[in-house]
>>> print(open('target-v6.cif').read())   # mmCIF, C-alpha atoms
data_run
#
loop_
_atom_site.group_PDB
_atom_site.id
_atom_site.type_symbol
_atom_site.label_atom_id
_atom_site.label_comp_id
_atom_site.auth_asym_id
_atom_site.auth_seq_id
_atom_site.Cartn_x
_atom_site.Cartn_y
_atom_site.Cartn_z
ATOM 1 C CA MET A 1 44.338 -44.343 -16.498
ATOM 2 C CA LYS A 2 40.656 -44.221 -17.360
ATOM 3 C CA ILE A 3 38.026 -42.523 -15.269
ATOM 4 C CA TYR A 4 34.373 -43.376 -15.791
ATOM 5 C CA GLY A 5 32.056 -40.696 -14.489
ATOM 6 C CA ASP A 6 29.248 -38.223 -15.032
ATOM 7 C CA ALA A 7 30.306 -34.583 -15.331
ATOM 8 C CA ARG A 8 27.215 -33.549 -13.334
ATOM 9 C CA SER A 9 28.393 -35.503 -10.290
ATOM 10 C CA GLY A 10 30.248 -33.665 -7.549
ATOM 11 C CA ASN A 11 32.195 -36.808 -6.658
ATOM 12 C CA CYS A 12 33.328 -37.159 -10.262
ATOM 13 C CA TYR A 13 34.214 -33.470 -10.400
ATOM 14 C CA LYS A 14 36.631 -33.998 -7.494
ATOM 15 C CA LEU A 15 38.578 -36.443 -9.651
ATOM 16 C CA LYS A 16 38.564 -34.177 -12.709
ATOM 17 C CA LEU A 17 39.801 -31.292 -10.583
ATOM 18 C CA LEU A 18 42.613 -33.282 -8.959
ATOM 19 C CA CYS A 19 43.806 -34.592 -12.325
ATOM 20 C CA ALA A 20 43.808 -31.069 -13.746
ATOM 21 C CA LEU A 21 45.617 -29.541 -10.770
ATOM 22 C CA LEU A 22 48.298 -32.253 -10.722
ATOM 23 C CA SER A 23 48.507 -32.647 -14.521
ATOM 24 C CA ILE A 24 47.637 -36.342 -14.300
ATOM 25 C CA GLU A 25 47.041 -37.826 -17.722
ATOM 26 C CA HIS A 26 43.770 -39.694 -17.938
ATOM 27 C CA GLU A 27 41.000 -40.612 -20.301
ATOM 28 C CA TRP A 28 37.585 -39.369 -19.199
ATOM 29 C CA ILE A 29 34.750 -41.687 -20.180
ATOM 30 C CA GLU A 30 31.359 -40.078 -19.717
ATOM 31 C CA VAL A 31 28.722 -42.311 -18.115
ATOM 32 C CA ASP A 32 25.208 -40.849 -18.193
ATOM 33 C CA ILE A 33 23.605 -42.196 -15.049
ATOM 34 C CA LEU A 34 20.250 -40.651 -15.919
ATOM 35 C CA ARG A 35 20.125 -42.790 -19.071
ATOM 36 C CA GLY A 36 21.064 -45.909 -17.094
ATOM 37 C CA GLU A 37 24.545 -46.277 -18.550
ATOM 38 C CA SER A 38 25.901 -47.272 -15.139
ATOM 39 C CA ARG A 39 23.583 -50.299 -15.240
ATOM 40 C CA SER A 40 25.020 -51.805 -18.428
ATOM 41 C CA ASP A 41 26.598 -55.251 -18.219
ATOM 42 C CA ALA A 42 30.011 -53.813 -19.107
ATOM 43 C CA PHE A 43 29.857 -51.179 -16.364
ATOM 44 C CA LEU A 44 28.496 -53.588 -13.759
ATOM 45 C CA GLY A 45 31.454 -55.830 -14.581
ATOM 46 C CA MET A 46 33.716 -53.051 -13.279
ATOM 47 C CA ASN A 47 31.533 -51.986 -10.363
ATOM 48 C CA PRO A 48 28.702 -54.346 -9.379
ATOM 49 C CA ASN A 49 27.179 -51.512 -7.313
ATOM 50 C CA GLY A 50 26.596 -49.531 -10.503
ATOM 51 C CA GLN A 51 27.993 -46.345 -8.979
ATOM 52 C CA ILE A 52 30.316 -43.734 -10.389
ATOM 53 C CA PRO A 53 33.146 -42.815 -10.429
ATOM 54 C CA VAL A 54 35.255 -45.793 -11.410
ATOM 55 C CA CYS A 55 38.984 -45.565 -12.072
ATOM 56 C CA VAL A 56 40.835 -48.180 -14.094
ATOM 57 C CA THR A 57 44.583 -47.821 -13.650
ATOM 58 C CA ASP A 58 47.185 -48.527 -16.308
ATOM 59 C CA ASP A 59 47.768 -51.953 -14.749
ATOM 60 C CA ASP A 60 44.003 -52.702 -14.910
ATOM 61 C CA ALA A 61 43.293 -52.293 -11.192
ATOM 62 C CA ILE A 62 39.739 -51.069 -10.633
ATOM 63 C CA LEU A 63 39.048 -48.491 -7.947
ATOM 64 C CA THR A 64 35.621 -47.280 -6.896
ATOM 65 C CA GLN A 65 34.459 -44.565 -4.491
ATOM 66 C CA SER A 66 35.792 -41.067 -5.134
ATOM 67 C CA ASN A 67 37.701 -40.673 -1.865
ATOM 68 C CA ALA A 68 39.470 -44.014 -2.322
ATOM 69 C CA ILE A 69 40.433 -42.992 -5.856
ATOM 70 C CA LEU A 70 41.680 -39.595 -4.652
ATOM 71 C CA TYR A 71 43.837 -41.278 -2.047
#
>>> encode(input="target-v6.cif", output="C-alpha coordinates")
Amino acid sequence: MKIYGDARSGNCYKLKLLCALLSIEHEWIEVDILRGESRSDAFLGMNPNGQIPVCVTDDDAILTQSNAILY
(Lines of atoms letter the chains of each structure in order from A and count residues from 1; the text may use other names and numbers.)
(Lines give C-alpha, C1' and ligand atoms only; values in the text may rest on other atoms or scores of the structure.)
Protein backbone atom coordinates (compact mmCIF):
# COMPACT_ATOMS: atom_id res chain seq x y z
CA MET A 1 0.00 0.00 0.00
CA LYS A 2 1.17 3.51 -0.78
CA ILE A 3 -0.05 6.61 0.98
CA TYR A 4 0.49 10.01 -0.60
CA GLY A 5 0.30 12.83 1.90
CA ASP A 6 1.82 15.85 3.58
CA ALA A 7 3.15 15.27 7.09
CA ARG A 8 1.85 18.72 8.12
CA SER A 9 -1.74 17.70 7.39
CA GLY A 10 -3.92 16.51 10.24
CA ASN A 11 -5.91 14.28 7.89
CA CYS A 12 -2.71 12.64 6.69
CA TYR A 13 -1.50 12.26 10.27
CA LYS A 14 -4.62 10.20 11.05
CA LEU A 15 -3.51 7.67 8.45
CA LYS A 16 0.09 7.58 9.67
CA LEU A 17 -1.12 7.05 13.23
CA LEU A 18 -3.52 4.24 12.32
CA CYS A 19 -0.85 2.43 10.30
CA ALA A 20 1.59 2.72 13.20
CA LEU A 21 -0.90 1.56 15.82
CA LEU A 22 -2.02 -1.44 13.75
CA SER A 23 1.43 -2.21 12.29
CA ILE A 24 0.14 -1.84 8.74
CA GLU A 25 2.96 -1.92 6.23
CA HIS A 26 2.86 1.01 3.85
CA GLU A 27 5.05 3.28 1.81
CA TRP A 28 4.69 6.95 2.71
CA ILE A 29 5.14 9.28 -0.25
CA GLU A 30 5.49 12.89 0.82
CA VAL A 31 3.51 15.39 -1.26
CA ASP A 32 4.34 19.02 -0.52
CA ILE A 33 1.08 20.84 -1.13
CA LEU A 34 2.68 24.22 -0.52
CA ARG A 35 5.00 23.63 -3.48
CA GLY A 36 2.07 22.54 -5.67
CA GLU A 37 3.04 18.88 -5.84
CA SER A 38 -0.62 17.87 -5.54
CA ARG A 39 -1.27 19.71 -8.81
CA SER A 40 1.15 17.67 -10.92
CA ASP A 41 -0.26 15.67 -13.82
CA ALA A 42 0.74 12.40 -12.14
CA PHE A 43 -1.02 13.28 -8.89
CA LEU A 44 -4.12 14.64 -10.62
CA GLY A 45 -4.30 11.32 -12.45
CA MET A 46 -4.86 9.66 -9.07
CA ASN A 47 -7.09 12.34 -7.58
CA PRO A 48 -8.52 14.92 -10.00
CA ASN A 49 -9.46 17.09 -6.99
CA GLY A 50 -5.77 17.50 -6.17
CA GLN A 51 -6.33 16.78 -2.49
CA ILE A 52 -4.38 14.67 -0.05
CA PRO A 53 -4.30 12.01 1.29
CA VAL A 54 -4.49 9.40 -1.43
CA CYS A 55 -4.11 5.68 -0.77
CA VAL A 56 -3.17 3.23 -3.50
CA THR A 57 -3.80 -0.34 -2.39
CA ASP A 58 -1.73 -3.34 -3.38
CA ASP A 59 -4.33 -4.18 -6.04
CA ASP A 60 -4.09 -0.61 -7.44
CA ALA A 61 -7.42 0.64 -6.09
CA ILE A 62 -7.26 4.38 -5.38
CA LEU A 63 -8.93 5.77 -2.29
CA THR A 64 -9.25 9.44 -1.43
CA GLN A 65 -10.58 11.28 1.63
CA SER A 66 -8.99 10.37 4.96
CA ASN A 67 -12.12 8.99 6.62
CA ALA A 68 -12.89 6.73 3.65
CA ILE A 69 -9.31 5.45 3.73
CA LEU A 70 -9.49 4.86 7.50
CA TYR A 71 -12.67 2.86 7.06
>>> resolve_selection(input="target-v6.cif", expression="the PyMOL selection byres ((chain A and resi 34) around 12)", output="number ranges by chain")
A: 5-9, 30-33, 35-39, 51-52
>>> resolve_selection(input="target-v6.cif", expression="the PyMOL selection byres ((chain A and resi 55) around 6)", output="list of chain:residue names")
A:Lys2, A:Ile3, A:Val54, A:Val56, A:Ile62, A:Leu63
>>> write_last_selection(input="target-v6.cif", atoms="C-alpha atoms", output="PDB file, keeping the file's coordinate frame")
ATOM      1  CA  LYS A   2      40.656 -44.221 -17.360  1.00  0.00           C
ATOM      2  CA  ILE A   3      38.026 -42.523 -15.269  1.00  0.00           C
ATOM      3  CA  VAL A  54      35.255 -45.793 -11.410  1.00  0.00           C
ATOM      4  CA  VAL A  56      40.835 -48.180 -14.094  1.00  0.00           C
ATOM      5  CA  ILE A  62      39.739 -51.069 -10.633  1.00  0.00           C
ATOM      6  CA  LEU A  63      39.048 -48.491  -7.947  1.00  0.00           C
TER       7      LEU A  63
END
>>> closest_residue(input="target-v6.cif", among="A:Glu27, A:Leu70, A:Pro53, A:Met46", to="Met1 (chain A)", atoms="all atoms listed in the file")
A:Glu27
>>> closest_residue(input="target-v6.cif", among="A:Leu17, A:Pro48, A:Asn11, A:Tyr4", to="Asn67 (chain A)", atoms="all atoms listed in the file")
A:Asn11
>>> atom_distance(input="target-v6.cif", atom1="CA of Leu18 (chain A)", atom2="CA of Gly45 (chain A)")
25.8 Å
>>> decode(input="target-v6.cif", residues="region 52-70 of chain A", atoms="N, CA and C atoms", output="tab-separated table (two decimals), in the first residue's frame")
chain	number	residue	atom	x	y	z
A	52	ILE	N	-5.03	15.75	-0.77
A	52	ILE	CA	-4.38	14.67	-0.05
A	52	ILE	C	-5.25	14.31	1.15
A	53	PRO	N	-5.13	13.13	1.68
A	53	PRO	CA	-4.30	12.01	1.29
A	53	PRO	C	-4.93	11.20	0.17
A	54	VAL	N	-4.07	10.38	-0.44
A	54	VAL	CA	-4.49	9.40	-1.43
A	54	VAL	C	-3.83	8.08	-1.03
A	55	CYS	N	-4.61	7.02	-1.07
A	55	CYS	CA	-4.11	5.68	-0.77
A	55	CYS	C	-4.24	4.83	-2.02
A	56	VAL	N	-3.15	4.18	-2.39
A	56	VAL	CA	-3.17	3.23	-3.50
A	56	VAL	C	-2.92	1.86	-2.89
A	57	THR	N	-3.91	0.99	-2.99
A	57	THR	CA	-3.80	-0.34	-2.39
A	57	THR	C	-2.91	-1.24	-3.23
A	58	ASP	N	-2.60	-2.40	-2.68
A	58	ASP	CA	-1.73	-3.34	-3.38
A	58	ASP	C	-2.35	-3.85	-4.69
A	59	ASP	N	-3.68	-3.78	-4.79
A	59	ASP	CA	-4.33	-4.18	-6.04
A	59	ASP	C	-4.68	-2.97	-6.91
A	60	ASP	N	-4.00	-1.85	-6.66
A	60	ASP	CA	-4.09	-0.61	-7.44
A	60	ASP	C	-5.42	0.12	-7.35
A	61	ALA	N	-6.22	-0.16	-6.33
A	61	ALA	CA	-7.42	0.64	-6.09
A	61	ALA	C	-6.96	1.97	-5.49
A	62	ILE	N	-7.61	3.04	-5.88
A	62	ILE	CA	-7.26	4.38	-5.38
A	62	ILE	C	-8.37	4.87	-4.48
A	63	LEU	N	-7.99	5.23	-3.26
A	63	LEU	CA	-8.93	5.77	-2.29
A	63	LEU	C	-8.52	7.19	-1.95
A	64	THR	N	-9.50	8.06	-1.84
A	64	THR	CA	-9.25	9.44	-1.43
A	64	THR	C	-10.11	9.74	-0.20
A	65	GLN	N	-9.87	10.85	0.42
A	65	GLN	CA	-10.58	11.28	1.63
A	65	GLN	C	-10.14	10.44	2.82
A	66	SER	N	-9.59	11.08	3.82
A	66	SER	CA	-8.99	10.37	4.96
A	66	SER	C	-9.95	9.44	5.67
A	67	ASN	N	-11.19	9.86	5.90
A	67	ASN	CA	-12.12	8.99	6.62
A	67	ASN	C	-12.49	7.76	5.81
A	68	ALA	N	-12.61	7.89	4.50
A	68	ALA	CA	-12.89	6.73	3.65
A	68	ALA	C	-11.70	5.76	3.69
A	69	ILE	N	-10.51	6.29	3.68
A	69	ILE	CA	-9.31	5.45	3.73
A	69	ILE	C	-9.23	4.75	5.09
A	70	LEU	N	-9.52	5.47	6.16
A	70	LEU	CA	-9.49	4.86	7.50
A	70	LEU	C	-10.48	3.72	7.61
